[in-house]
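S.K.: Following this line is run32.txt, made up of compact mmCIF, C-alpha atoms and all ligand atoms:
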# COMPACT_ATOMS: atom_id res chain seq x y z
CA MET H 1 1.40 -34.71 -21.83
CA GLN H 2 2.78 -37.92 -20.33
CA GLU H 3 6.31 -36.75 -21.02
CA ILE H 4 5.74 -33.52 -19.08
CA ILE H 5 4.55 -35.55 -16.10
CA GLU H 6 7.69 -37.71 -16.44
CA GLN H 7 9.88 -34.61 -16.57
CA ALA H 8 8.27 -33.24 -13.43
CA ARG H 9 8.70 -36.59 -11.65
CA ASN H 10 12.38 -36.88 -12.61
CA LEU H 11 13.19 -33.31 -11.78
CA PHE H 12 11.50 -33.65 -8.40
CA ARG H 13 13.59 -36.76 -7.65
CA GLU H 14 16.79 -35.01 -8.69
CA ARG H 15 16.18 -31.91 -6.62
CA TYR H 16 14.44 -33.26 -3.55
CA GLY H 17 15.76 -36.84 -3.44
CA ARG H 18 12.41 -38.65 -3.39
CA LYS H 19 9.31 -39.17 -5.46
CA PRO H 20 6.54 -36.58 -5.54
CA VAL H 21 3.29 -37.62 -3.88
CA VAL H 22 0.77 -35.73 -6.03
CA TYR H 23 0.47 -34.09 -9.43
CA GLY H 24 -1.74 -31.26 -10.63
CA VAL H 25 -2.13 -30.97 -14.40
CA ALA H 26 -3.79 -27.94 -16.01
CA PRO H 27 -4.02 -26.87 -19.67
CA GLY H 28 -3.52 -23.52 -21.36
CA ARG H 29 -6.42 -22.15 -23.39
CA VAL H 30 -7.26 -20.31 -26.55
CA GLU H 31 -9.88 -17.59 -26.59
CA VAL H 32 -12.08 -18.26 -29.62
CA LEU H 33 -14.40 -15.25 -29.23
CA GLY H 34 -15.11 -12.77 -26.45
CA ASN H 35 -12.15 -10.43 -26.23
CA HIS H 36 -12.03 -8.48 -22.96
CA THR H 37 -15.66 -9.29 -22.26
CA ASP H 38 -15.08 -11.36 -19.13
CA TYR H 39 -14.39 -8.59 -16.59
CA ASN H 40 -17.35 -6.73 -18.10
CA GLY H 41 -19.76 -9.45 -16.98
CA GLY H 42 -20.08 -10.68 -20.59
CA TYR H 43 -19.83 -13.85 -22.63
CA VAL H 44 -16.81 -15.83 -23.80
CA MET H 45 -15.97 -18.77 -26.03
CA SER H 46 -12.74 -20.66 -25.49
CA ALA H 47 -11.07 -24.05 -25.56
CA ALA H 48 -8.50 -25.78 -23.39
CA ILE H 49 -5.51 -26.96 -25.43
CA ASP H 50 -3.10 -29.86 -25.30
CA ARG H 51 -0.37 -27.77 -23.69
CA VAL H 52 -0.15 -28.23 -19.95
CA THR H 53 1.53 -27.10 -16.77
CA VAL H 54 2.31 -29.87 -14.31
CA VAL H 55 2.95 -29.26 -10.61
CA ALA H 56 4.47 -32.27 -8.80
CA ALA H 57 4.49 -31.88 -5.03
CA ALA H 58 5.07 -33.50 -1.65
CA LYS H 59 4.94 -32.23 1.92
CA SER H 60 8.21 -30.99 3.34
CA SER H 61 9.79 -31.89 6.67
CA SER H 62 11.16 -28.36 7.14
CA ALA H 63 9.23 -25.13 7.70
CA GLN H 64 10.15 -23.85 4.26
CA CYS H 65 8.38 -24.28 0.95
CA ARG H 66 10.55 -24.79 -2.12
CA VAL H 67 9.25 -24.54 -5.66
CA PHE H 68 11.45 -25.14 -8.68
CA ALA H 69 10.30 -24.00 -12.13
CA GLN H 70 11.83 -25.98 -14.94
CA GLN H 71 11.12 -23.44 -17.68
CA LYS H 72 12.75 -20.66 -15.63
CA GLY H 73 15.55 -22.78 -14.18
CA ALA H 74 14.89 -21.06 -10.84
CA GLU H 75 13.81 -22.01 -7.34
CA SER H 76 11.67 -19.92 -5.01
CA VAL H 77 11.96 -20.51 -1.25
CA PHE H 78 9.39 -19.08 1.17
CA THR H 79 7.63 -19.74 4.45
CA LEU H 80 3.88 -19.95 4.77
CA ASP H 81 3.57 -17.27 7.45
CA ALA H 82 5.19 -14.54 5.35
CA LEU H 83 3.97 -14.77 1.78
CA ARG H 84 5.08 -11.74 -0.14
CA GLN H 85 5.40 -10.84 -3.80
CA SER H 86 8.89 -11.27 -5.15
CA PRO H 87 9.82 -8.98 -8.06
CA ARG H 88 12.77 -11.29 -8.84
CA ASP H 89 10.63 -14.42 -9.25
CA ARG H 90 7.39 -13.12 -10.71
CA TRP H 91 6.36 -16.64 -11.73
CA ALA H 92 6.39 -17.72 -8.07
CA ASP H 93 3.75 -15.10 -7.22
CA TYR H 94 1.16 -17.21 -9.06
CA VAL H 95 1.99 -20.16 -6.79
CA LYS H 96 2.05 -18.05 -3.61
CA GLY H 97 -1.18 -16.27 -4.54
CA VAL H 98 -2.93 -19.64 -4.86
CA VAL H 99 -1.52 -20.75 -1.49
CA VAL H 100 -2.96 -17.61 0.13
CA GLU H 101 -6.37 -18.19 -1.46
CA LEU H 102 -6.42 -21.86 -0.46
CA GLN H 103 -5.62 -20.83 3.11
CA LYS H 104 -8.47 -18.31 3.00
CA ALA H 105 -10.76 -21.07 1.73
CA GLY H 106 -9.92 -23.02 4.91
CA VAL H 107 -7.40 -25.51 3.50
CA PRO H 108 -4.67 -25.88 6.18
CA ILE H 109 -1.65 -25.74 3.86
CA GLU H 110 1.53 -27.34 5.24
CA PRO H 111 5.06 -26.68 3.98
CA PHE H 112 5.68 -28.41 0.66
CA GLU H 113 8.20 -28.93 -2.09
CA ALA H 114 7.15 -28.71 -5.70
CA VAL H 115 8.42 -28.79 -9.24
CA VAL H 116 6.70 -26.95 -12.09
CA ALA H 117 7.16 -28.30 -15.62
CA GLY H 118 5.20 -27.49 -18.72
CA ASN H 119 4.89 -26.84 -22.42
CA VAL H 120 2.41 -23.95 -22.47
CA PRO H 121 4.20 -21.26 -24.49
CA ILE H 122 4.88 -18.25 -22.25
CA GLY H 123 3.77 -14.83 -23.51
CA ALA H 124 1.76 -16.23 -26.41
CA GLY H 125 -1.64 -15.31 -24.98
CA VAL H 126 -2.56 -18.90 -24.11
CA SER H 127 -2.62 -18.44 -20.35
CA SER H 128 0.49 -20.11 -19.08
CA SER H 129 -0.14 -18.17 -15.86
CA ALA H 130 -3.69 -19.48 -15.33
CA SER H 131 -2.50 -23.01 -16.05
CA LEU H 132 0.18 -22.58 -13.36
CA GLU H 133 -2.41 -21.29 -10.88
CA VAL H 134 -4.86 -24.10 -11.59
CA ALA H 135 -2.18 -26.84 -11.58
CA THR H 136 -0.93 -25.50 -8.22
CA ALA H 137 -4.44 -25.48 -6.75
CA MET H 138 -5.17 -29.00 -8.01
CA ALA H 139 -1.87 -30.39 -6.66
CA LEU H 140 -2.16 -28.72 -3.25
CA LEU H 141 -5.79 -29.73 -2.76
CA GLU H 142 -4.87 -33.35 -3.52
CA LEU H 143 -1.79 -33.16 -1.28
CA HIS H 144 -3.91 -32.00 1.67
CA GLY H 145 -6.77 -34.40 0.99
CA ALA H 146 -9.08 -31.41 0.46
CA ASP H 147 -11.80 -30.92 -2.10
CA LEU H 148 -13.48 -27.82 -3.47
CA PRO H 149 -16.15 -27.41 -6.17
CA ARG H 150 -14.60 -26.82 -9.59
CA TRP H 151 -16.10 -23.33 -9.84
CA GLU H 152 -14.55 -22.42 -6.53
CA ILE H 153 -11.15 -23.57 -7.81
CA ALA H 154 -11.44 -21.37 -10.91
CA LYS H 155 -12.55 -18.40 -8.82
CA LEU H 156 -9.87 -18.69 -6.19
CA CYS H 157 -7.22 -18.88 -8.90
CA ARG H 158 -8.62 -15.69 -10.42
CA ARG H 159 -8.55 -14.01 -7.00
CA ALA H 160 -4.91 -15.09 -6.63
CA GLU H 161 -4.12 -13.25 -9.84
CA ASN H 162 -6.27 -10.19 -9.03
CA GLU H 163 -5.13 -9.75 -5.47
CA PHE H 164 -1.68 -11.28 -5.05
CA VAL H 165 -0.23 -10.81 -8.53
CA GLY H 166 -2.15 -7.56 -9.05
CA MET H 167 -3.54 -8.24 -12.54
CA PRO H 168 -7.25 -7.31 -12.85
CA CYS H 169 -8.07 -10.24 -15.19
CA GLY H 170 -11.51 -11.81 -15.59
CA ILE H 171 -12.40 -15.49 -15.14
CA LEU H 172 -11.92 -16.67 -18.76
CA ASP H 173 -8.50 -18.28 -18.40
CA GLN H 174 -9.05 -20.06 -15.10
CA PHE H 175 -12.52 -21.21 -16.16
CA SER H 176 -11.19 -22.66 -19.42
CA SER H 177 -8.29 -24.45 -17.72
CA VAL H 178 -10.61 -26.03 -15.14
CA PHE H 179 -13.62 -26.84 -17.35
CA GLY H 180 -12.00 -27.79 -20.70
CA GLU H 181 -13.49 -30.72 -22.60
CA GLU H 182 -11.93 -32.71 -25.39
CA ASN H 183 -12.94 -31.51 -28.88
CA SER H 184 -15.35 -28.99 -27.43
CA ILE H 185 -15.56 -25.25 -27.52
CA LEU H 186 -16.67 -23.81 -24.20
CA PHE H 187 -19.27 -21.10 -23.79
CA LEU H 188 -19.49 -19.13 -20.56
CA ASP H 189 -21.81 -16.41 -19.33
CA THR H 190 -19.54 -14.80 -16.75
CA ARG H 191 -22.48 -13.10 -15.01
CA THR H 192 -24.74 -16.09 -14.44
CA GLU H 193 -21.94 -18.68 -14.59
CA GLU H 194 -24.01 -20.69 -17.06
CA HIS H 195 -21.65 -22.68 -19.25
CA GLU H 196 -21.72 -25.38 -21.84
CA ALA H 197 -19.34 -27.44 -23.97
CA MET H 198 -20.18 -27.48 -27.70
CA SER H 199 -18.52 -30.08 -29.87
CA LEU H 200 -16.43 -28.97 -32.85
CA PRO H 201 -16.23 -31.61 -35.57
CA ALA H 202 -12.51 -32.30 -34.91
CA ASP H 203 -11.94 -34.37 -38.04
CA SER H 204 -13.02 -31.48 -40.29
CA PHE H 205 -11.63 -28.37 -38.56
CA GLY H 206 -8.70 -27.52 -36.39
CA LEU H 207 -7.10 -24.66 -34.53
CA ILE H 208 -3.64 -23.29 -35.16
CA LEU H 209 -1.99 -20.79 -32.86
CA ILE H 210 0.50 -18.49 -34.56
CA HIS H 211 2.73 -16.58 -32.18
CA SER H 212 3.84 -13.22 -33.62
CA MET H 213 6.94 -13.25 -31.37
CA ALA H 214 6.52 -9.49 -30.99
CA GLN H 215 5.46 -7.90 -27.72
CA HIS H 216 4.82 -4.19 -27.91
CA THR H 217 4.13 -2.78 -24.51
CA LEU H 218 3.83 -3.83 -20.94
CA VAL H 219 0.64 -5.85 -21.20
CA SER H 220 -0.35 -5.57 -17.55
CA GLY H 221 -0.30 -1.73 -17.70
CA ASP H 222 -2.42 -1.55 -20.86
CA TYR H 223 -4.76 -4.19 -19.50
CA ALA H 224 -5.35 -2.20 -16.31
CA THR H 225 -6.01 0.93 -18.38
CA ARG H 226 -8.65 -0.85 -20.46
CA TYR H 227 -10.20 -2.29 -17.32
CA ARG H 228 -10.52 1.22 -15.89
CA GLU H 229 -11.93 2.63 -19.14
CA CYS H 230 -14.59 -0.08 -19.23
CA MET H 231 -15.60 0.66 -15.63
CA GLU H 232 -15.83 4.37 -16.52
CA ALA H 233 -17.93 3.58 -19.58
CA ALA H 234 -20.28 1.48 -17.44
CA ALA H 235 -20.55 4.35 -14.92
CA TRP H 236 -21.36 6.73 -17.80
CA PHE H 237 -24.27 4.53 -18.84
CA ARG H 238 -25.34 4.03 -15.22
CA GLU H 239 -25.90 7.77 -14.91
CA ARG H 240 -28.12 7.75 -17.97
CA LEU H 241 -29.84 4.37 -17.94
CA GLY H 242 -30.14 3.68 -14.22
CA GLU H 243 -28.65 1.76 -11.35
CA HIS H 244 -29.19 -1.63 -12.99
CA VAL H 245 -26.13 -0.93 -15.15
CA GLN H 246 -23.31 -2.44 -13.13
CA LEU H 247 -21.03 -3.46 -16.00
CA LEU H 248 -21.06 -3.03 -19.79
CA ARG H 249 -22.88 -6.36 -19.98
CA ASP H 250 -25.96 -4.49 -18.82
CA VAL H 251 -26.02 -2.17 -21.85
CA SER H 252 -27.76 -3.52 -24.95
CA TRP H 253 -26.47 -2.87 -28.46
CA GLU H 254 -29.59 -0.79 -29.18
CA GLU H 255 -28.99 1.38 -26.11
CA PHE H 256 -25.39 1.81 -27.13
CA LEU H 257 -26.37 3.00 -30.61
CA GLN H 258 -28.84 5.44 -29.13
CA TRP H 259 -26.22 7.07 -26.90
CA GLU H 260 -22.93 6.60 -28.71
CA ALA H 261 -22.85 10.02 -30.38
CA GLN H 262 -22.80 11.68 -26.94
CA MET H 263 -20.12 9.49 -25.41
CA PRO H 264 -16.61 10.84 -24.87
CA GLU H 265 -13.65 9.10 -26.49
CA PRO H 266 -12.03 6.69 -25.92
CA LEU H 267 -14.90 5.38 -23.77
CA ARG H 268 -17.18 5.21 -26.80
CA ARG H 269 -14.86 2.91 -28.70
CA ARG H 270 -14.08 0.73 -25.68
CA ALA H 271 -17.81 0.28 -25.01
CA ARG H 272 -18.47 -0.34 -28.69
CA HIS H 273 -15.96 -3.18 -28.71
CA VAL H 274 -17.22 -4.88 -25.55
CA ILE H 275 -20.93 -4.56 -26.33
CA SER H 276 -20.57 -5.70 -29.96
CA GLU H 277 -18.23 -8.51 -28.92
CA ASN H 278 -20.86 -9.82 -26.50
CA ARG H 279 -23.25 -10.05 -29.43
CA ARG H 280 -20.65 -11.88 -31.50
CA VAL H 281 -20.20 -14.49 -28.78
CA LEU H 282 -23.95 -15.14 -28.61
CA ASP H 283 -24.09 -15.32 -32.42
CA GLY H 284 -21.11 -17.68 -32.42
CA ARG H 285 -22.82 -19.95 -29.94
CA GLU H 286 -25.92 -20.12 -32.14
CA ALA H 287 -23.76 -20.76 -35.19
CA LEU H 288 -22.00 -23.69 -33.51
CA HIS H 289 -25.31 -25.16 -32.39
CA ARG H 290 -26.42 -25.08 -36.01
CA GLY H 291 -23.08 -26.49 -37.19
CA GLU H 292 -22.29 -23.28 -39.13
CA VAL H 293 -18.55 -23.19 -38.70
CA THR H 294 -18.10 -20.63 -41.52
CA ARG H 295 -20.30 -18.20 -39.63
CA LEU H 296 -18.17 -18.69 -36.53
CA GLY H 297 -15.12 -17.90 -38.67
CA ASP H 298 -16.66 -14.65 -39.95
CA LEU H 299 -17.37 -13.60 -36.38
CA MET H 300 -13.72 -14.26 -35.48
CA PHE H 301 -12.55 -11.95 -38.27
CA ALA H 302 -15.05 -9.30 -37.14
CA SER H 303 -13.85 -9.67 -33.56
CA HIS H 304 -10.29 -8.97 -34.63
CA GLU H 305 -11.36 -5.88 -36.50
CA SER H 306 -13.17 -4.61 -33.43
CA SER H 307 -10.10 -5.25 -31.23
CA ARG H 308 -7.92 -3.47 -33.77
CA VAL H 309 -10.08 -0.39 -34.29
CA ASP H 310 -12.09 0.07 -31.12
CA TYR H 311 -10.19 -1.64 -28.34
CA GLU H 312 -6.76 -0.83 -29.76
CA ASN H 313 -5.14 -3.93 -28.34
CA SER H 314 -3.80 -5.33 -31.60
CA THR H 315 -0.35 -4.80 -33.14
CA PRO H 316 0.84 -4.46 -36.75
CA GLU H 317 2.23 -7.99 -36.50
CA LEU H 318 -1.08 -9.47 -35.32
CA ASP H 319 -2.94 -7.54 -38.05
CA LEU H 320 -0.52 -8.91 -40.62
CA LEU H 321 -1.04 -12.47 -39.36
CA VAL H 322 -4.82 -12.11 -39.54
CA GLY H 323 -4.56 -10.62 -43.05
CA LEU H 324 -2.35 -13.48 -44.19
CA ALA H 325 -4.70 -16.00 -42.61
CA ARG H 326 -7.57 -14.59 -44.64
CA GLU H 327 -5.49 -14.65 -47.84
CA HIS H 328 -4.48 -18.25 -47.28
CA GLY H 329 -7.95 -19.59 -46.65
CA ALA H 330 -8.54 -19.59 -42.88
CA ILE H 331 -12.21 -19.90 -41.96
CA GLY H 332 -11.58 -17.40 -39.18
CA ALA H 333 -8.65 -15.73 -37.42
CA ARG H 334 -8.17 -13.19 -34.66
CA LEU H 335 -5.85 -12.17 -31.90
CA THR H 336 -6.32 -14.35 -28.82
CA GLY H 337 -5.99 -13.28 -25.19
CA ALA H 338 -5.06 -9.88 -23.83
CA GLY H 339 -3.42 -8.58 -27.03
CA TRP H 340 -0.68 -5.95 -27.47
CA GLY H 341 1.41 -8.79 -28.88
CA GLY H 342 1.19 -12.55 -28.48
CA ALA H 343 -0.61 -14.77 -30.93
CA THR H 344 -3.50 -15.24 -33.34
CA ILE H 345 -5.87 -18.20 -33.28
CA ASN H 346 -6.78 -19.59 -36.69
CA LEU H 347 -9.71 -21.84 -37.52
CA VAL H 348 -8.73 -23.91 -40.54
CA GLU H 349 -10.08 -26.86 -42.49
CA GLU H 350 -8.31 -30.00 -41.40
CA SER H 351 -7.15 -30.93 -44.90
CA ARG H 352 -5.47 -27.52 -45.38
CA MET H 353 -3.74 -27.22 -42.03
CA GLU H 354 -0.17 -27.93 -42.98
CA GLU H 355 -0.07 -25.91 -46.12
CA PHE H 356 -1.85 -23.02 -44.42
CA ALA H 357 0.61 -22.90 -41.53
CA ARG H 358 3.61 -23.15 -43.84
CA ARG H 359 2.46 -20.37 -46.14
CA VAL H 360 1.45 -17.93 -43.42
CA ALA H 361 4.70 -18.52 -41.52
CA GLU H 362 6.83 -18.06 -44.66
CA GLU H 363 5.11 -14.89 -45.71
CA TYR H 364 5.15 -13.44 -42.18
CA SER H 365 8.89 -13.98 -41.77
CA ARG H 366 9.55 -12.67 -45.28
CA ARG H 367 7.76 -9.42 -44.47
CA THR H 368 8.84 -8.88 -40.88
CA GLY H 369 12.12 -10.77 -40.54
CA ILE H 370 10.58 -12.56 -37.54
CA GLN H 371 10.12 -16.32 -37.39
CA PRO H 372 6.64 -16.91 -35.92
CA GLY H 373 5.88 -19.78 -33.55
CA VAL H 374 3.33 -22.18 -35.02
CA HIS H 375 1.46 -24.51 -32.68
CA ARG H 376 -1.21 -26.91 -33.82
CA CYS H 377 -3.71 -27.05 -30.93
CA HIS H 378 -5.81 -30.06 -30.10
CA ILE H 379 -8.76 -29.27 -27.89
CA ALA H 380 -8.06 -31.02 -24.63
CA PRO H 381 -9.74 -31.83 -21.32
CA GLY H 382 -9.50 -29.55 -18.28
CA ALA H 383 -7.45 -29.80 -15.11
CA ARG H 384 -7.04 -32.87 -12.93
CA ALA H 385 -4.99 -34.15 -10.01
CA PHE H 386 -3.71 -37.59 -9.14
CA ARG H 387 -1.48 -39.37 -6.67
CA GLU H 388 1.79 -41.11 -7.52
C1 LIG H 401 -6.37 -12.16 -20.56
C2 LIG H 401 -7.13 -12.20 -19.23
C3 LIG H 401 -8.57 -12.71 -19.44
C4 LIG H 401 -9.28 -11.96 -20.55
C5 LIG H 401 -8.40 -11.85 -21.80
C6 LIG H 401 -8.99 -10.96 -22.84
O1 LIG H 401 -6.20 -13.45 -21.04
O2 LIG H 401 -6.45 -13.01 -18.30
O3 LIG H 401 -9.28 -12.66 -18.22
O4 LIG H 401 -9.68 -10.69 -20.10
O5 LIG H 401 -7.10 -11.38 -21.51
O6 LIG H 401 -10.21 -11.43 -23.28
If you took the structure in this file and wrote it as structure tokens, what would it be?
M.R.:
Amino acid sequence: MQEIIEQARNLFRERYGRKPVVYGVAPGRVEVLGNHTDYNGGYVMSAAIDRVTVVAAAKSSSAQCRVFAQQKGAESVFTLDALRQSPRDRWADYVKGVVVELQKAGVPIEPFEAVVAGNVPIGAGVSSSASLEVATAMALLELHGADLPRWEIAKLCRRAENEFVGMPCGILDQFSSVFGEENSILFLDTRTEEHEAMSLPADSFGLILIHSMAQHTLVSGDYATRYRECMEAAAWFRERLGEHVQLLRDVSWEEFLQWEAQMPEPLRRRARHVISENRRVLDGREALHRGEVTRLGDLMFASHESSRVDYENSTPELDLLVGLAREHGAIGARLTGAGWGGATINLVEESRMEEFARRVAEEYSRRTGIQPGVHRCHIAPGARAFRE
């Protein structure tokens, strides 16, 4: 991580001729269990990983803001009184959206220059976008000597994505990036905001992310469709069970079983996924409390199956990766993040890590002709800010 901070510092010097004043550092995350449960008021399990986005910033003497993104090799220039989406620089919308939300939260943002550097793989389902939002918020708060509660930071970053970027995501990614803890899996109840960090014996087990390198459809369009279907499914239950049903979180598994035969498709399958997935997260939490890592692994496999069959957000490549993971001895494996491409997360015994990754990667490229991206993930702490 230190080298990313160095890169940001050097790049800032090169481009803007002085040292940055503040840094915001925010990790990507893996979703361990709880697929598409967050915007349904449900439960999630995740971990922040040792891949970060760094935003180095200083106030500007002109009226313009300038933000340079190292991974894109592009600069976005804008003024604070006219913040608009820019279809050419989609990445900059995450920064601008956070600026808007900070302004709404009463932080008097002044023109600034910033450099974004990072090693969170883009498009792999590990939330490079949330890490950019959170790193921006952390850097700008520090730059303006302002402070906000950590929950508020996570929420305003989510609002930036919902309202400015236009992606109806839940709170999972921003929460994980803000609240990550070393060697701990996070649990969150998105309704009550209760959360806890549960330690994973890091010397015995580890997480490997395997990027399928195959994106099938426009994720944001499919995501919005699923979001709508879930809201329709909740409304369907509201009519039958009463006004207390706001989101699918409010429907128990028993109620679902009682009504499922009458539900129209595809709402039945979407609801089945979300409601059963909520149960899996609660079971997974219990399993971790009892130190039953194998049980957690089984729940991960079951989660993938539910995504594949009922939520239909998997791909043949992700299914192949999960199948290979099972064959080669993973304790658990599943798609992670939105789906429709991206990566799988694999829970593997520490002593088998290398061989596991090598075998799965070899077999995957033999069968598909695609070289997967393999990233060993260490579970890392959440976001922070500091001054030069
Ligand atoms: C994306 C979204 C999250 C969550 C996951 C699916 O990562 O940003 O809010 O919905 O997909 O669980």
S.K.: Using all atoms listed in the file, find the one residue out of H:Val99, H:Ile153, H:Val32, H:Leu200 that sits nearest to ligand LIG 401 (chain H).
M.R.: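 Selected residue with least distance to ligand LIG 401 (chain H): H:Val32.
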S.K.: When distances are computed from all atoms listed in the file, which of H:Leu335, H:Ala287, H:Leu267, H:Val22 shows the smallest separation from ligand LIG 401 (chain H)?
M.R.: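 Smallest separation from ligand LIG 401 (chain H) among the options: H:Leu335.
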S.K.: List all protein, DNA and RNA residues that have an atom no more than 8 Å from any atom of ligand LIG 401 (chain H), counting only C-alpha atoms and all ligand atoms, and report them as a PyMOL selection string.
M.R.: chain H and resi 31+34-39+44+125-127+130+168-173+223+336-339
S.K.: Write the residues you've just listed into a file as a PDB file, keeping the file's coordinate frame, and include C-alpha atoms for each of them.
M.R.:
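Once written, result08.pdb looks like this:
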ATOM      1  CA  GLU H  31      -9.880 -17.590 -26.590  1.00  0.00           C
ATOM      2  CA  GLY H  34     -15.110 -12.770 -26.450  1.00  0.00           C
ATOM      3  CA  ASN H  35     -12.150 -10.430 -26.230  1.00  0.00           C
ATOM      4  CA  HIS H  36     -12.030  -8.480 -22.960  1.00  0.00           C
ATOM      5  CA  THR H  37     -15.660  -9.290 -22.260  1.00  0.00           C
ATOM      6  CA  ASP H  38     -15.080 -11.360 -19.130  1.00  0.00           C
ATOM      7  CA  TYR H  39     -14.390  -8.590 -16.590  1.00  0.00           C
ATOM      8  CA  VAL H  44     -16.810 -15.830 -23.800  1.00  0.00           C
ATOM      9  CA  GLY H 125      -1.640 -15.310 -24.980  1.00  0.00           C
ATOM     10  CA  VAL H 126      -2.560 -18.900 -24.110  1.00  0.00           C
ATOM     11  CA  SER H 127      -2.620 -18.440 -20.350  1.00  0.00           C
ATOM     12  CA  ALA H 130      -3.690 -19.480 -15.330  1.00  0.00           C
ATOM     13  CA  PRO H 168      -7.250  -7.310 -12.850  1.00  0.00           C
ATOM     14  CA  CYS H 169      -8.070 -10.240 -15.190  1.00  0.00           C
ATOM     15  CA  GLY H 170     -11.510 -11.810 -15.590  1.00  0.00           C
ATOM     16  CA  ILE H 171     -12.400 -15.490 -15.140  1.00  0.00           C
ATOM     17  CA  LEU H 172     -11.920 -16.670 -18.760  1.00  0.00           C
ATOM     18  CA  ASP H 173      -8.500 -18.280 -18.400  1.00  0.00           C
ATOM     19  CA  TYR H 223      -4.760  -4.190 -19.500  1.00  0.00           C
ATOM     20  CA  THR H 336      -6.320 -14.350 -28.820  1.00  0.00           C
ATOM     21  CA  GLY H 337      -5.990 -13.280 -25.190  1.00  0.00           C
ATOM     22  CA  ALA H 338      -5.060  -9.880 -23.830  1.00  0.00           C
ATOM     23  CA  GLY H 339      -3.420  -8.580 -27.030  1.00  0.00           C
TER      24      GLY H 339
END
S.K.: Find, counting only C-alpha atoms, the residue in H:Gln103, H:Thr53, H:Asn40, H:Ser276 that gets nearest to Glu255 of chain H.
M.R.: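 The closest residue to Glu255 of chain H is H:Ser276.
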S.K.: Neighbouring residues of Lys72 of chain H were defined as those with any atom within 10 Å, considering only C-alpha atoms; residues of the same chain fewer than 5 positions away were excluded. Please report them as a ChimeraX atom specification.
M.R.: /H:89,91,116-117
S.K.: With C-alpha atoms kept, could you save the residues just selected as an mmCIF file, in the coordinates of the input?
M.R.:
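Here's the written file result_1.cif:
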data_model
loop_
_atom_site.group_PDB
_atom_site.id
_atom_site.type_symbol
_atom_site.label_atom_id
_atom_site.label_comp_id
_atom_site.auth_asym_id
_atom_site.auth_seq_id
_atom_site.Cartn_x
_atom_site.Cartn_y
_atom_site.Cartn_z
ATOM 1 C CA ASP H 89 10.630 -14.420 -9.250
ATOM 2 C CA TRP H 91 6.360 -16.640 -11.730
ATOM 3 C CA VAL H 116 6.700 -26.950 -12.090
ATOM 4 C CA ALA H 117 7.160 -28.300 -15.620
#
S.K.: Point out the residue among H:Gly166, H:Gly382, H:Gly373, H:Gly206 with the least atom-to-atom distance to Ala333 of chain H, counting all atoms listed in the file.
M.R.: H:Gly206
S.K.: May I have the protein, DNA and RNA residues with any atom at most 9 Å from the point (8.4, -17.3, -15.7), counting only C-alpha atoms, written as a list of chain:residue names?
M.R.: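 Using only C-alpha atoms, the matching residues come out as H:Ala69, H:Gln71, H:Lys72, H:Ala74, H:Asp89, H:Arg90, H:Trp91, H:Ala92, H:Ile122, H:Ser129.
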S.K.: Please provide as a PyMOL selection string all residues within 9 Å of Met353 of chain H, with the sequence filter that same-chain residues fewer than 2 positions apart are discarded (counting all atoms listed in the file).
M.R.: chain H and resi 205-208+348-351+355-358+376
S.K.: Identify, on the basis of all atoms listed in the file, every residue whose closest approach to segment 235-246 of chain H does not exceed 10 Å; exclude the query and any residue fewer than 3 positions from it along the same chain; express the result as an MDAnalysis selection string.
M.R.: chainID H and resid 40:41 229:232 249:251 255:256 259 263:264 267 271
S.K.: Counting only C-alpha atoms, what is within 12 Å of Asp50 of chain H, bar same-chain residues fewer than 3 positions away, as a VMD selection string?
M.R.: chain H and resid 1 to 2 4 25 to 30 47 53 118 to 121 126 131 177 180 to 183 207 to 209 375 to 383
S.K.: Atom CA of Leu11 of chain H to atom CA of Glu133 of chain H: how many Å, to one decimal?
M.R.: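 Answer for the atom CA of Leu11 of chain H to atom CA of Glu133 of chain H separation: 19.7 Å.
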S.K.: What is the distance between atom CA of Val322 of chain H and atom CA of Arg334 of chain H, in Å to one decimal?
M.R.: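 Separation of atom CA of Val322 of chain H and atom CA of Arg334 of chain H: 6.0 Å.
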S.K.: Rank nothing, just name the residue among H:Ala233, H:Val293, H:Met300, H:Leu156 nearest to Arg272 of chain H, using all atoms listed in the file.
M.R.: H:Ala233
S.K.: Skipping near chain neighbours, those fewer than 6 positions away, what residues fall within 12 Å of Arg367 of chain H using all atoms listed in the file, listed as a PyMOL selection string?
M.R.: chain H and resi 316-317+320-321+324+360-361
S.K.: May I have the residues from that selection written out with C-alpha atoms, as an mmCIF file, keeping the file's coordinate frame?
M.R.:
data_model
loop_
_atom_site.group_PDB
_atom_site.id
_atom_site.type_symbol
_atom_site.label_atom_id
_atom_site.label_comp_id
_atom_site.auth_asym_id
_atom_site.auth_seq_id
_atom_site.Cartn_x
_atom_site.Cartn_y
_atom_site.Cartn_z
ATOM 1 C CA PRO H 316 0.840 -4.460 -36.750
ATOM 2 C CA GLU H 317 2.230 -7.990 -36.500
ATOM 3 C CA LEU H 320 -0.520 -8.910 -40.620
ATOM 4 C CA LEU H 321 -1.040 -12.470 -39.360
ATOM 5 C CA LEU H 324 -2.350 -13.480 -44.190
ATOM 6 C CA VAL H 360 1.450 -17.930 -43.420
ATOM 7 C CA ALA H 361 4.700 -18.520 -41.520
#
